[in-house]
file run_12.txt (compact mmCIF, C-alpha atoms (C1' of nucleotides))
# COMPACT_ATOMS: atom_id res chain seq x y z
CA MET A 1 5.22 1.23 -2.37
CA GLN A 2 7.38 -0.62 0.04
CA ILE A 3 7.17 -4.24 1.06
CA SER A 4 5.00 -4.48 4.17
CA SER A 5 6.56 -4.40 7.60
CA ARG A 6 4.85 -7.74 8.11
CA LEU A 7 8.13 -9.29 7.00
CA SER A 8 10.30 -7.56 9.58
CA ILE A 9 7.66 -8.07 12.27
CA ALA A 10 7.39 -11.79 11.50
CA ILE A 11 11.15 -12.19 11.79
CA HIS A 12 11.10 -10.23 15.04
CA ILE A 13 8.40 -12.58 16.32
CA LEU A 14 10.41 -15.68 15.50
CA ALA A 15 13.54 -14.25 17.10
CA CYS A 16 11.55 -13.50 20.24
CA ILE A 17 9.97 -16.92 20.44
CA GLU A 18 13.34 -18.58 20.18
CA THR A 19 15.02 -16.21 22.61
CA PHE A 20 12.41 -16.43 25.35
CA LYS A 21 10.98 -19.90 24.90
CA ASP A 22 12.67 -21.23 28.06
CA GLU A 23 11.82 -18.28 30.27
CA HIS A 24 8.24 -17.26 29.51
CA LYS A 25 5.23 -18.53 27.78
CA VAL A 26 5.41 -16.47 24.60
CA THR A 27 1.92 -15.05 24.06
CA SER A 28 0.65 -12.58 21.54
CA ASP A 29 0.54 -9.97 24.29
CA PHE A 30 4.16 -10.52 25.18
CA LEU A 31 5.19 -10.34 21.53
CA ALA A 32 3.09 -7.23 21.01
CA GLY A 33 5.06 -5.61 23.81
CA SER A 34 8.41 -6.31 22.16
CA VAL A 35 7.39 -5.38 18.63
CA HIS A 36 5.16 -2.49 19.72
CA VAL A 37 2.14 -3.33 17.64
CA ASN A 38 -1.35 -4.45 18.52
CA PRO A 39 -1.67 -8.05 19.77
CA VAL A 40 -4.19 -8.78 17.04
CA VAL A 41 -1.57 -7.97 14.43
CA ILE A 42 0.70 -10.52 16.09
CA ARG A 43 -2.02 -13.14 16.13
CA ARG A 44 -2.73 -12.64 12.47
CA LEU A 45 0.93 -13.07 11.61
CA LEU A 46 1.20 -16.13 13.86
CA SER A 47 -1.77 -17.59 12.03
CA GLN A 48 0.01 -17.15 8.72
CA LEU A 49 3.27 -18.56 10.06
CA LYS A 50 1.33 -21.51 11.43
CA ALA A 51 -0.37 -22.13 8.10
CA ALA A 52 3.11 -22.21 6.57
CA GLY A 53 4.20 -24.87 9.05
CA ILE A 54 6.75 -22.62 10.72
CA VAL A 55 5.23 -22.21 14.17
CA ASP A 56 2.68 -23.85 16.36
CA VAL A 57 0.32 -21.84 18.52
CA ALA A 58 -1.31 -23.34 21.60
CA ARG A 59 -4.95 -22.48 21.59
CA GLY A 60 -6.60 -22.09 24.98
CA THR A 61 -3.47 -22.46 27.02
CA GLY A 62 -1.57 -19.89 24.98
CA GLY A 63 1.96 -19.50 23.73
CA ALA A 64 3.76 -20.03 20.42
CA GLY A 65 6.70 -22.22 19.48
CA ILE A 66 8.80 -22.79 16.38
CA VAL A 67 8.27 -26.21 14.84
CA LYS A 68 10.61 -26.12 11.86
CA PRO A 69 14.39 -26.42 12.19
CA LEU A 70 15.84 -22.90 12.24
CA GLN A 71 18.32 -23.58 9.46
CA GLU A 72 15.46 -24.63 7.23
CA ILE A 73 13.45 -21.44 7.72
CA THR A 74 14.60 -18.93 5.10
CA MET A 75 13.65 -15.29 4.84
CA LEU A 76 11.90 -16.26 1.61
CA ASP A 77 9.70 -18.73 3.48
CA ILE A 78 8.64 -16.01 5.88
CA TYR A 79 8.16 -13.46 3.12
CA ARG A 80 5.85 -15.87 1.35
CA ALA A 81 4.08 -16.94 4.50
CA VAL A 82 3.03 -13.43 5.44
CA ASP A 83 1.92 -12.58 1.93
CA CYS A 84 3.93 -9.45 1.28
CA VAL A 85 3.00 -8.99 -2.38
CA GLU A 86 -0.21 -9.79 -4.21
CA ASN A 87 -0.15 -13.07 -6.10
CA GLY A 88 3.53 -13.43 -5.39
CA GLU A 89 4.17 -10.80 -8.07
CA LEU A 90 6.65 -8.17 -6.97
CA PHE A 91 5.82 -5.77 -9.78
CA HIS A 92 2.46 -4.27 -10.54
CA PHE A 93 2.05 -4.09 -14.31
CA HIS A 94 -0.36 -1.59 -15.86
CA GLU A 95 -3.13 -3.96 -16.83
CA ASP A 96 -4.58 -2.45 -19.91
CA PRO A 97 -2.09 -1.44 -22.63
CA ASN A 98 -3.72 -0.62 -25.94
CA PRO A 99 -3.61 -3.63 -28.30
CA GLU A 100 -4.14 -1.30 -31.27
CA CYS A 101 -0.71 0.17 -30.61
CA PRO A 102 2.29 -1.91 -31.74
CA VAL A 103 4.11 -1.08 -28.53
CA GLY A 104 1.09 -1.62 -26.29
CA ARG A 105 0.52 -4.97 -27.96
CA ASN A 106 4.05 -6.19 -27.21
CA ILE A 107 5.08 -4.52 -23.99
CA HIS A 108 4.06 -7.46 -21.84
CA ALA A 109 5.98 -9.98 -23.92
CA VAL A 110 9.06 -7.80 -23.72
CA LEU A 111 8.94 -6.98 -20.03
CA ASP A 112 7.49 -10.02 -18.27
CA GLY A 113 10.61 -12.16 -18.50
CA ARG A 114 12.86 -9.33 -17.44
CA LEU A 115 10.76 -8.41 -14.42
CA ASP A 116 10.71 -12.08 -13.47
CA ARG A 117 14.48 -12.14 -13.54
CA VAL A 118 14.65 -9.17 -11.19
CA GLN A 119 12.18 -10.78 -8.82
CA GLN A 120 14.13 -14.05 -8.97
CA ALA A 121 17.33 -12.25 -8.05
CA MET A 122 15.62 -10.82 -4.99
CA GLU A 123 14.09 -14.11 -3.94
CA ASN A 124 17.33 -16.00 -4.44
CA GLU A 125 19.06 -13.67 -2.03
CA MET A 126 16.23 -14.07 0.46
CA GLN A 127 16.56 -17.80 0.25
CA ARG A 128 20.17 -17.63 1.33
CA ILE A 129 19.24 -16.02 4.66
CA THR A 130 18.07 -18.37 7.39
CA MET A 131 16.49 -17.82 10.78
CA ALA A 132 19.39 -19.85 12.21
CA GLU A 133 21.90 -17.14 11.35
CA ILE A 134 19.56 -14.33 12.31
CA ILE A 135 18.91 -15.82 15.72
CA ALA A 136 22.57 -16.71 16.23
CA GLU A 137 23.56 -13.12 15.59
CA THR A 138 20.77 -11.81 17.81
CA LYS A 139 21.84 -14.01 20.71
CA GLU A 140 25.44 -12.98 20.21
CA LEU A 141 24.53 -9.31 20.38
CA ILE A 142 22.44 -9.87 23.49
CA ARG A 143 25.27 -11.77 25.14
CA SER A 144 27.76 -9.02 24.38
CA GLN A 145 25.47 -6.50 26.05
CA ALA A 146 24.76 -8.50 29.19
CA MET B 1 2.29 -4.26 -1.50
CA GLN B 2 3.62 -4.36 -5.00
CA ILE B 3 6.02 -2.01 -6.69
CA SER B 4 3.99 0.67 -8.48
CA SER B 5 3.04 0.23 -12.11
CA ARG B 6 4.80 3.55 -12.62
CA LEU B 7 7.85 1.47 -13.52
CA SER B 8 6.19 -0.53 -16.27
CA ILE B 9 4.38 2.55 -17.53
CA ALA B 10 7.58 4.58 -17.69
CA ILE B 11 9.27 1.85 -19.71
CA HIS B 12 6.25 1.68 -21.99
CA ILE B 13 6.50 5.44 -22.47
CA LEU B 14 10.16 5.30 -23.44
CA ALA B 15 9.53 2.43 -25.83
CA CYS B 16 6.75 4.45 -27.46
CA ILE B 17 8.78 7.60 -27.79
CA GLU B 18 11.59 5.72 -29.49
CA THR B 19 9.26 3.74 -31.75
CA PHE B 20 7.19 6.67 -32.98
CA LYS B 21 9.62 9.56 -32.82
CA ASP B 22 9.96 9.75 -36.63
CA GLU B 23 6.26 9.43 -37.41
CA HIS B 24 4.36 11.55 -34.89
CA LYS B 25 4.95 14.20 -32.37
CA VAL B 26 4.77 12.10 -29.20
CA THR B 27 2.49 13.99 -26.83
CA SER B 28 1.10 13.01 -23.45
CA ASP B 29 -2.26 12.40 -25.12
CA PHE B 30 -0.76 10.04 -27.64
CA LEU B 31 1.12 8.15 -24.94
CA ALA B 32 -1.98 8.03 -22.77
CA GLY B 33 -3.74 6.30 -25.64
CA SER B 34 -1.12 3.58 -25.91
CA VAL B 35 -0.71 2.97 -22.19
CA HIS B 36 -4.39 3.48 -21.40
CA VAL B 37 -4.00 5.81 -18.47
CA ASN B 38 -4.88 9.43 -17.94
CA PRO B 39 -2.66 11.97 -19.76
CA VAL B 40 -1.88 13.66 -16.47
CA VAL B 41 -0.32 10.44 -15.21
CA ILE B 42 1.89 10.45 -18.31
CA ARG B 43 2.89 14.05 -17.77
CA ARG B 44 3.83 13.39 -14.18
CA LEU B 45 6.01 10.46 -15.21
CA LEU B 46 7.57 12.48 -18.03
CA SER B 47 8.38 15.19 -15.48
CA GLN B 48 10.19 12.66 -13.35
CA LEU B 49 12.03 11.15 -16.31
CA LYS B 50 13.00 14.66 -17.35
CA ALA B 51 14.31 15.49 -13.88
CA ALA B 52 16.43 12.36 -14.14
CA GLY B 53 17.91 13.54 -17.42
CA ILE B 54 16.38 10.73 -19.44
CA VAL B 55 13.92 12.62 -21.62
CA ASP B 56 13.25 16.12 -22.76
CA VAL B 57 9.73 17.50 -23.04
CA ALA B 58 8.91 20.41 -25.32
CA ARG B 59 6.76 22.84 -23.45
CA GLY B 60 4.30 24.87 -25.52
CA THR B 61 4.94 23.08 -28.75
CA GLY B 62 4.54 19.63 -27.23
CA GLY B 63 6.21 16.26 -27.65
CA ALA B 64 8.81 14.25 -25.77
CA GLY B 65 12.16 12.83 -26.81
CA ILE B 66 14.82 10.66 -25.25
CA VAL B 67 18.05 12.54 -24.55
CA LYS B 68 20.21 9.82 -23.02
CA PRO B 69 21.82 7.04 -25.08
CA LEU B 70 19.54 4.01 -24.87
CA GLN B 71 22.30 1.66 -23.77
CA GLU B 72 22.99 3.94 -20.83
CA ILE B 73 19.41 3.94 -19.55
CA THR B 74 19.01 1.00 -17.20
CA MET B 75 15.83 -0.28 -15.62
CA LEU B 76 17.34 0.82 -12.32
CA ASP B 77 17.62 4.40 -13.57
CA ILE B 78 13.96 4.40 -14.48
CA TYR B 79 12.93 2.70 -11.24
CA ARG B 80 14.74 5.39 -9.30
CA ALA B 81 13.49 8.21 -11.49
CA VAL B 82 9.85 7.39 -10.96
CA ASP B 83 10.26 6.93 -7.23
CA CYS B 84 8.83 3.46 -6.78
CA VAL B 85 9.70 3.04 -3.09
CA GLU B 86 9.88 5.60 -0.31
CA ASN B 87 13.38 6.82 0.46
CA GLY B 88 14.81 4.23 -1.90
CA GLU B 89 14.13 1.63 0.80
CA LEU B 90 12.50 -1.49 -0.57
CA PHE B 91 11.48 -2.83 2.83
CA HIS B 92 9.27 -1.12 5.34
CA PHE B 93 10.63 -1.82 8.81
CA HIS B 94 8.35 -1.61 11.85
CA GLU B 95 9.57 1.64 13.29
CA ASP B 96 9.17 1.23 16.99
CA PRO B 97 10.57 -2.01 18.46
CA ASN B 98 10.74 -1.97 22.26
CA PRO B 99 14.26 -1.00 23.44
CA GLU B 100 13.50 -2.60 26.83
CA CYS B 101 13.40 -5.98 25.13
CA PRO B 102 16.76 -7.56 24.23
CA VAL B 103 15.38 -8.66 20.89
CA GLY B 104 13.61 -5.37 20.18
CA ARG B 105 16.82 -3.54 20.98
CA ASN B 106 18.86 -5.52 18.45
CA ILE B 107 16.50 -6.46 15.67
CA HIS B 108 17.49 -3.51 13.51
CA ALA B 109 21.20 -4.23 13.80
CA VAL B 110 20.59 -7.83 12.83
CA LEU B 111 18.24 -7.24 9.91
CA ASP B 112 19.33 -4.00 8.26
CA GLY B 113 22.38 -5.43 6.55
CA ARG B 114 20.55 -8.50 5.36
CA LEU B 115 17.63 -6.54 3.93
CA ASP B 116 20.13 -4.28 2.20
CA ARG B 117 21.71 -7.31 0.58
CA VAL B 118 18.36 -8.45 -0.75
CA GLN B 119 17.63 -5.00 -2.11
CA GLN B 120 21.09 -4.86 -3.67
CA ALA B 121 20.52 -8.17 -5.43
CA MET B 122 17.34 -6.78 -6.94
CA GLU B 123 18.92 -3.51 -7.99
CA ASN B 124 21.95 -5.24 -9.49
CA GLU B 125 19.70 -7.26 -11.73
CA MET B 126 17.80 -4.12 -12.71
CA GLN B 127 21.02 -2.43 -13.63
CA ARG B 128 21.83 -5.16 -16.12
CA ILE B 129 18.71 -4.41 -18.15
CA THR B 130 18.93 -1.51 -20.59
CA MET B 131 16.37 0.35 -22.65
CA ALA B 132 18.52 -0.50 -25.67
CA GLU B 133 17.73 -4.21 -25.37
CA ILE B 134 14.10 -3.60 -24.45
CA ILE B 135 13.54 -1.39 -27.47
CA ALA B 136 15.49 -3.71 -29.76
CA GLU B 137 13.27 -6.61 -28.74
CA THR B 138 10.14 -4.50 -29.07
CA LYS B 139 11.06 -3.42 -32.60
CA GLU B 140 11.88 -6.98 -33.53
CA LEU B 141 8.50 -8.20 -32.34
CA ILE B 142 6.74 -5.43 -34.21
CA ARG B 143 8.67 -6.24 -37.38
CA SER B 144 7.79 -9.90 -37.14
CA GLN B 145 4.11 -9.02 -36.92
CA ALA B 146 4.03 -6.55 -39.83
C1' DA C 1 -3.61 36.68 -31.00
C1' DT C 2 -4.58 31.83 -31.59
C1' DC C 3 -3.83 27.04 -30.80
C1' DG C 4 -2.33 22.85 -29.07
C1' DT C 5 0.53 21.60 -25.48
C1' DT C 6 2.73 21.09 -20.89
C1' DG C 7 3.15 21.69 -15.70
C1' DT C 8 0.87 21.44 -11.63
C1' DA C 9 -2.55 21.92 -8.08
C1' DA C 10 -6.74 20.13 -6.19
C1' DT C 11 -10.12 16.64 -5.45
C1' DC C 12 -11.80 12.02 -5.55
C1' DA C 13 -12.63 6.92 -5.19
C1' DA C 14 -10.55 2.66 -4.32
C1' DG C 15 -7.54 -0.36 -2.03
C1' DA C 16 -4.06 -1.57 1.58
C1' DT C 17 -2.29 -1.10 6.17
C1' DG C 18 -2.44 -1.32 11.02
C1' DA C 19 -5.02 -0.13 15.32
C1' DT C 20 -8.60 -1.33 17.93
C1' DT C 21 -12.84 -3.45 20.00
C1' DA C 22 -15.40 -7.36 20.71
C1' DC C 23 -16.38 -11.92 21.53
C1' DA C 24 -16.84 -16.91 20.79
C1' DA C 25 -13.94 -21.09 21.10
C1' DC C 26 -10.66 -23.33 23.68
C1' DA C 27 -7.57 -25.94 27.10
C1' DA C 28 -5.71 -26.24 31.47
C1' DA C 29 -6.08 -25.70 36.42
C1' DC C 30 -8.62 -25.55 40.29
C1' DG D 1 -17.57 -28.08 35.84
C1' DT D 2 -16.58 -23.53 36.41
C1' DT D 3 -13.01 -20.19 36.21
C1' DT D 4 -9.10 -18.12 33.88
C1' DG D 5 -6.07 -16.65 30.47
C1' DT D 6 -5.51 -17.29 25.67
C1' DT D 7 -6.30 -17.63 20.73
C1' DG D 8 -8.95 -16.99 16.23
C1' DT D 9 -11.48 -13.98 13.71
C1' DA D 10 -14.83 -10.58 12.34
C1' DA D 11 -15.89 -5.79 12.13
C1' DT D 12 -14.81 -0.96 12.10
C1' DC D 13 -11.80 2.86 11.70
C1' DA D 14 -8.25 6.37 10.38
C1' DT D 15 -4.50 6.95 7.39
C1' DC D 16 -1.88 6.48 3.29
C1' DT D 17 -0.92 5.52 -1.55
C1' DT D 18 -2.47 5.06 -6.06
C1' DG D 19 -4.25 6.56 -10.17
C1' DA D 20 -8.34 9.21 -12.43
C1' DT D 21 -9.98 13.41 -13.29
C1' DT D 22 -10.90 18.49 -13.68
C1' DA D 23 -9.13 22.80 -14.14
C1' DC D 24 -6.23 26.25 -15.58
C1' DA D 25 -2.09 29.12 -15.98
C1' DA D 26 2.28 29.15 -18.61
C1' DC D 27 4.32 28.36 -22.85
C1' DG D 28 6.04 28.40 -27.84
C1' DA D 29 5.20 28.10 -32.59
C1' DT D 30 2.42 29.59 -36.39

call {"tool": "encode", "arguments": {"input": "run_12.txt", "output": "structure tokens"}}
result
Amino acid sequence: MQISSRLSIAIHILACIETFKDEHKVTSDFLAGSVHVNPVVIRRLLSQLKAAGIVDVARGTGGAGIVKPLQEITMLDIYRAVDCVENGELFHFHEDPNPECPVGRNIHAVLDGRLDRVQQAMENEMQRITMAEIIAETKELIRSQA
Amino acid sequence: MQISSRLSIAIHILACIETFKDEHKVTSDFLAGSVHVNPVVIRRLLSQLKAAGIVDVARGTGGAGIVKPLQEITMLDIYRAVDCVENGELFHFHEDPNPECPVGRNIHAVLDGRLDRVQQAMENEMQRITMAEIIAETKELIRSQA
DNA sequence: ATCGTTGTAATCAAGATGATTACAACAAAC
DNA sequence: GTTTGTTGTAATCATCTTGATTACAACGAT
């Protein structure tokens, strides 16, 4: 199974908020139009991003804004905020190996550390990517197309 | 969503085959007993490992064996063999961003390379882990418990 | 021919994902 | 203080993936 599109959608949302913050009020309906998903999906993601201290959403009046400095928002922060994998564990381990079997009894001890290392490698790379660079590149592309 | 337990099960299978190859004929029923999953699940995984040139399964007579040198079987090989993510793509991207929106039009260009880098980091780490070390550690643990 | 296997199709329940509807809570503007 | 446009959230739904399970034909050795 793949990692949920919630990650790419959340990044898309943040890029939109930053790009349009001075022109429109950025509502869940507006975002839904750019991402092409249901507004409720956007609101759920905004809720999670808000709980992570990344955005602020104006209840009643409407509109979302980014409240954390862009260079401090990493892809890892977003990935964690939108809860892409259960329990933060990238790999699903078969839960019930047979303890009567010498291999079944030890497979966890042998694999856990190694799977952790793989997950760490992925998360380290995610941590190196910031919304600042993503938005800078997005704006640059938009400018070059104007 | 997490990466399927097919990966951990496949590794468990290979560790079992290597550990018991001199004592029993290693059938899908035997493996199912150690992993605690249905024998058909084992057979499906063995099929995939066979297609990848990692094991050989004796039809009719029964029993599986490893046909590739253990130090040449990496976790990445197994991960790919058992088809853990669709299309080999770790991340699911929302497929339909709005091309009318400047951000929607460019989000793919901005993110694709970065997501690839993250996936690469994960796969590189997987490639460093071999069945030789996994089985060596397993045998060591078993010895220490005898 | 018999026997224990494998390969594979078919079906099923469970869980996750997004889409969608619905509506109360809310804050600003009038 | 009512109206208006939003947000937050629950509830339902179809679809997909997973893994369990049943069933059985194909197979190879004895």

call {"tool": "calpha_fit_and_write", "arguments": {"input": "run_12.txt", "fixed": "chain A", "moving": "chain B", "output": "CSV table (one decimal) with C-alpha atoms, in the frame of the given file"}}
result
chain,number,residue,atom,x,y,z
B,1,MET,CA,5.2,1.3,-2.3
B,2,GLN,CA,7.4,-0.6,0.1
B,3,ILE,CA,7.2,-4.2,1.0
B,4,SER,CA,5.0,-4.5,4.2
B,5,SER,CA,6.6,-4.4,7.6
B,6,ARG,CA,4.9,-7.7,8.1
B,7,LEU,CA,8.2,-9.3,7.0
B,8,SER,CA,10.3,-7.6,9.6
B,9,ILE,CA,7.7,-8.1,12.3
B,10,ALA,CA,7.4,-11.8,11.5
B,11,ILE,CA,11.2,-12.2,11.8
B,12,HIS,CA,11.1,-10.2,15.0
B,13,ILE,CA,8.4,-12.6,16.3
B,14,LEU,CA,10.4,-15.7,15.5
B,15,ALA,CA,13.5,-14.2,17.1
B,16,CYS,CA,11.5,-13.5,20.2
B,17,ILE,CA,10.0,-16.9,20.4
B,18,GLU,CA,13.3,-18.6,20.2
B,19,THR,CA,15.0,-16.2,22.6
B,20,PHE,CA,12.4,-16.5,25.4
B,21,LYS,CA,11.0,-19.9,24.9
B,22,ASP,CA,12.6,-21.3,28.1
B,23,GLU,CA,11.8,-18.3,30.3
B,24,HIS,CA,8.2,-17.3,29.5
B,25,LYS,CA,5.2,-18.6,27.7
B,26,VAL,CA,5.4,-16.5,24.6
B,27,THR,CA,1.9,-15.1,24.0
B,28,SER,CA,0.6,-12.6,21.5
B,29,ASP,CA,0.5,-10.0,24.2
B,30,PHE,CA,4.1,-10.5,25.1
B,31,LEU,CA,5.2,-10.3,21.5
B,32,ALA,CA,3.1,-7.2,21.0
B,33,GLY,CA,5.1,-5.6,23.8
B,34,SER,CA,8.4,-6.3,22.2
B,35,VAL,CA,7.4,-5.4,18.6
B,36,HIS,CA,5.2,-2.5,19.7
B,37,VAL,CA,2.2,-3.3,17.6
B,38,ASN,CA,-1.3,-4.4,18.5
B,39,PRO,CA,-1.7,-8.1,19.7
B,40,VAL,CA,-4.2,-8.8,17.0
B,41,VAL,CA,-1.5,-8.0,14.4
B,42,ILE,CA,0.7,-10.5,16.1
B,43,ARG,CA,-2.0,-13.1,16.1
B,44,ARG,CA,-2.7,-12.6,12.4
B,45,LEU,CA,1.0,-13.1,11.6
B,46,LEU,CA,1.2,-16.1,13.8
B,47,SER,CA,-1.8,-17.6,12.0
B,48,GLN,CA,0.0,-17.1,8.7
B,49,LEU,CA,3.3,-18.5,10.0
B,50,LYS,CA,1.3,-21.5,11.4
B,51,ALA,CA,-0.3,-22.1,8.0
B,52,ALA,CA,3.1,-22.2,6.5
B,53,GLY,CA,4.2,-24.8,9.0
B,54,ILE,CA,6.8,-22.6,10.7
B,55,VAL,CA,5.2,-22.2,14.1
B,56,ASP,CA,2.7,-23.8,16.3
B,57,VAL,CA,0.3,-21.8,18.5
B,58,ALA,CA,-1.4,-23.3,21.5
B,59,ARG,CA,-5.0,-22.4,21.5
B,60,GLY,CA,-6.7,-22.0,24.9
B,61,THR,CA,-3.6,-22.4,26.9
B,62,GLY,CA,-1.6,-19.9,24.9
B,63,GLY,CA,1.9,-19.5,23.7
B,64,ALA,CA,3.7,-20.0,20.4
B,65,GLY,CA,6.7,-22.2,19.4
B,66,ILE,CA,8.8,-22.8,16.4
B,67,VAL,CA,8.2,-26.2,14.8
B,68,LYS,CA,10.6,-26.1,11.8
B,69,PRO,CA,14.4,-26.4,12.2
B,70,LEU,CA,15.8,-22.9,12.2
B,71,GLN,CA,18.3,-23.6,9.5
B,72,GLU,CA,15.5,-24.6,7.2
B,73,ILE,CA,13.5,-21.4,7.7
B,74,THR,CA,14.6,-18.9,5.1
B,75,MET,CA,13.7,-15.3,4.8
B,76,LEU,CA,11.9,-16.2,1.6
B,77,ASP,CA,9.7,-18.7,3.5
B,78,ILE,CA,8.7,-16.0,5.9
B,79,TYR,CA,8.2,-13.4,3.1
B,80,ARG,CA,5.9,-15.8,1.3
B,81,ALA,CA,4.1,-16.9,4.5
B,82,VAL,CA,3.1,-13.4,5.4
B,83,ASP,CA,2.0,-12.6,1.9
B,84,CYS,CA,4.0,-9.4,1.3
B,85,VAL,CA,3.0,-9.0,-2.4
B,86,GLU,CA,-0.2,-9.8,-4.2
B,87,ASN,CA,-0.1,-13.1,-6.1
B,88,GLY,CA,3.6,-13.4,-5.4
B,89,GLU,CA,4.2,-10.8,-8.0
B,90,LEU,CA,6.7,-8.1,-6.9
B,91,PHE,CA,5.8,-5.7,-9.8
B,92,HIS,CA,2.4,-4.2,-10.5
B,93,PHE,CA,2.0,-4.1,-14.3
B,94,HIS,CA,-0.4,-1.6,-15.8
B,95,GLU,CA,-3.2,-4.0,-16.8
B,96,ASP,CA,-4.6,-2.5,-19.9
B,97,PRO,CA,-2.1,-1.5,-22.6
B,98,ASN,CA,-3.8,-0.7,-25.9
B,99,PRO,CA,-3.7,-3.7,-28.2
B,100,GLU,CA,-4.2,-1.4,-31.2
B,101,CYS,CA,-0.8,0.1,-30.6
B,102,PRO,CA,2.2,-2.0,-31.7
B,103,VAL,CA,4.0,-1.2,-28.5
B,104,GLY,CA,1.0,-1.7,-26.3
B,105,ARG,CA,0.5,-5.0,-27.9
B,106,ASN,CA,4.0,-6.3,-27.1
B,107,ILE,CA,5.0,-4.6,-23.9
B,108,HIS,CA,4.0,-7.5,-21.8
B,109,ALA,CA,5.9,-10.0,-23.8
B,110,VAL,CA,9.0,-7.8,-23.7
B,111,LEU,CA,8.9,-7.0,-20.0
B,112,ASP,CA,7.5,-10.0,-18.2
B,113,GLY,CA,10.6,-12.2,-18.4
B,114,ARG,CA,12.9,-9.3,-17.4
B,115,LEU,CA,10.8,-8.4,-14.4
B,116,ASP,CA,10.7,-12.1,-13.4
B,117,ARG,CA,14.5,-12.1,-13.5
B,118,VAL,CA,14.7,-9.1,-11.2
B,119,GLN,CA,12.2,-10.8,-8.8
B,120,GLN,CA,14.2,-14.0,-8.9
B,121,ALA,CA,17.4,-12.2,-8.0
B,122,MET,CA,15.7,-10.8,-5.0
B,123,GLU,CA,14.1,-14.1,-3.9
B,124,ASN,CA,17.4,-16.0,-4.4
B,125,GLU,CA,19.1,-13.6,-2.0
B,126,MET,CA,16.3,-14.1,0.5
B,127,GLN,CA,16.6,-17.8,0.3
B,128,ARG,CA,20.2,-17.6,1.4
B,129,ILE,CA,19.3,-16.0,4.7
B,130,THR,CA,18.1,-18.4,7.4
B,131,MET,CA,16.5,-17.8,10.8
B,132,ALA,CA,19.4,-19.9,12.2
B,133,GLU,CA,21.9,-17.2,11.4
B,134,ILE,CA,19.6,-14.3,12.3
B,135,ILE,CA,18.9,-15.8,15.7
B,136,ALA,CA,22.6,-16.7,16.3
B,137,GLU,CA,23.6,-13.1,15.6
B,138,THR,CA,20.8,-11.8,17.8
B,139,LYS,CA,21.8,-14.0,20.7
B,140,GLU,CA,25.4,-13.0,20.3
B,141,LEU,CA,24.6,-9.3,20.4
B,142,ILE,CA,22.5,-9.9,23.5
B,143,ARG,CA,25.3,-11.8,25.2
B,144,SER,CA,27.8,-9.1,24.4
B,145,GLN,CA,25.5,-6.5,26.1
B,146,ALA,CA,24.8,-8.5,29.3

call {"tool": "interface_residues", "arguments": {"input": "run_12.txt", "of": "chain A", "to": "chain D", "cutoff": "10 Å", "atoms": "all atoms listed in the file", "output": "list in words"}}
result
Met1, Thr27, Ser28, Asp29, Val40, Arg43, Arg44, Ser47, Val57, Ala58, Arg59, Gly60, Thr61, Gly62 and Gly63 of chain A

call {"tool": "closest_atom_pairs", "arguments": {"input": "run_12.txt", "of": "chain C", "to": "chain A", "cutoff": "9 Å", "atoms": "all atoms listed in the file", "output": "JSON lines"}}
result
{"residue": "C:DT17", "atom": "C1'", "partner": "A:Ser4", "partner_atom": "CA", "distance": 8.3}
{"residue": "C:DG18", "atom": "C1'", "partner": "A:Val41", "partner_atom": "CA", "distance": 7.5}
{"residue": "C:DA19", "atom": "C1'", "partner": "A:Asn38", "partner_atom": "CA", "distance": 6.5}
{"residue": "C:DT20", "atom": "C1'", "partner": "A:Asn38", "partner_atom": "CA", "distance": 7.9}
{"residue": "C:DA25", "atom": "C1'", "partner": "A:Gly60", "partner_atom": "CA", "distance": 8.4}
{"residue": "C:DC26", "atom": "C1'", "partner": "A:Gly60", "partner_atom": "CA", "distance": 4.4}
{"residue": "C:DA27", "atom": "C1'", "partner": "A:Gly60", "partner_atom": "CA", "distance": 4.5}
{"residue": "C:DA28", "atom": "C1'", "partner": "A:Thr61", "partner_atom": "CA", "distance": 6.3}

call {"tool": "interface_residues", "arguments": {"input": "run_12.txt", "of": "chain B", "to": "chain A", "cutoff": "6 Å", "atoms": "all atoms listed in the file", "output": "PyMOL selection string"}}
result
chain B and resi 1-5+8+34-36+85+90-94+97-98+101+104+118+121-122+125

call {"tool": "atom_distance", "arguments": {"input": "run_12.txt", "atom1": "atom CA of B:Ile66", "atom2": "atom C1' of C:DG4"}}
result
21.4 Å

call {"tool": "axis_aligned_box", "arguments": {"input": "run_12.txt", "around": "stretch 24-29 of chain D", "padding_each_side": "8 Å", "output": "AutoDock Vina command-line options"}}
result
--center_x -0.1 --center_y 27.7 --center_z -24.1 --size_x 28.3 --size_y 18.9 --size_z 33.0
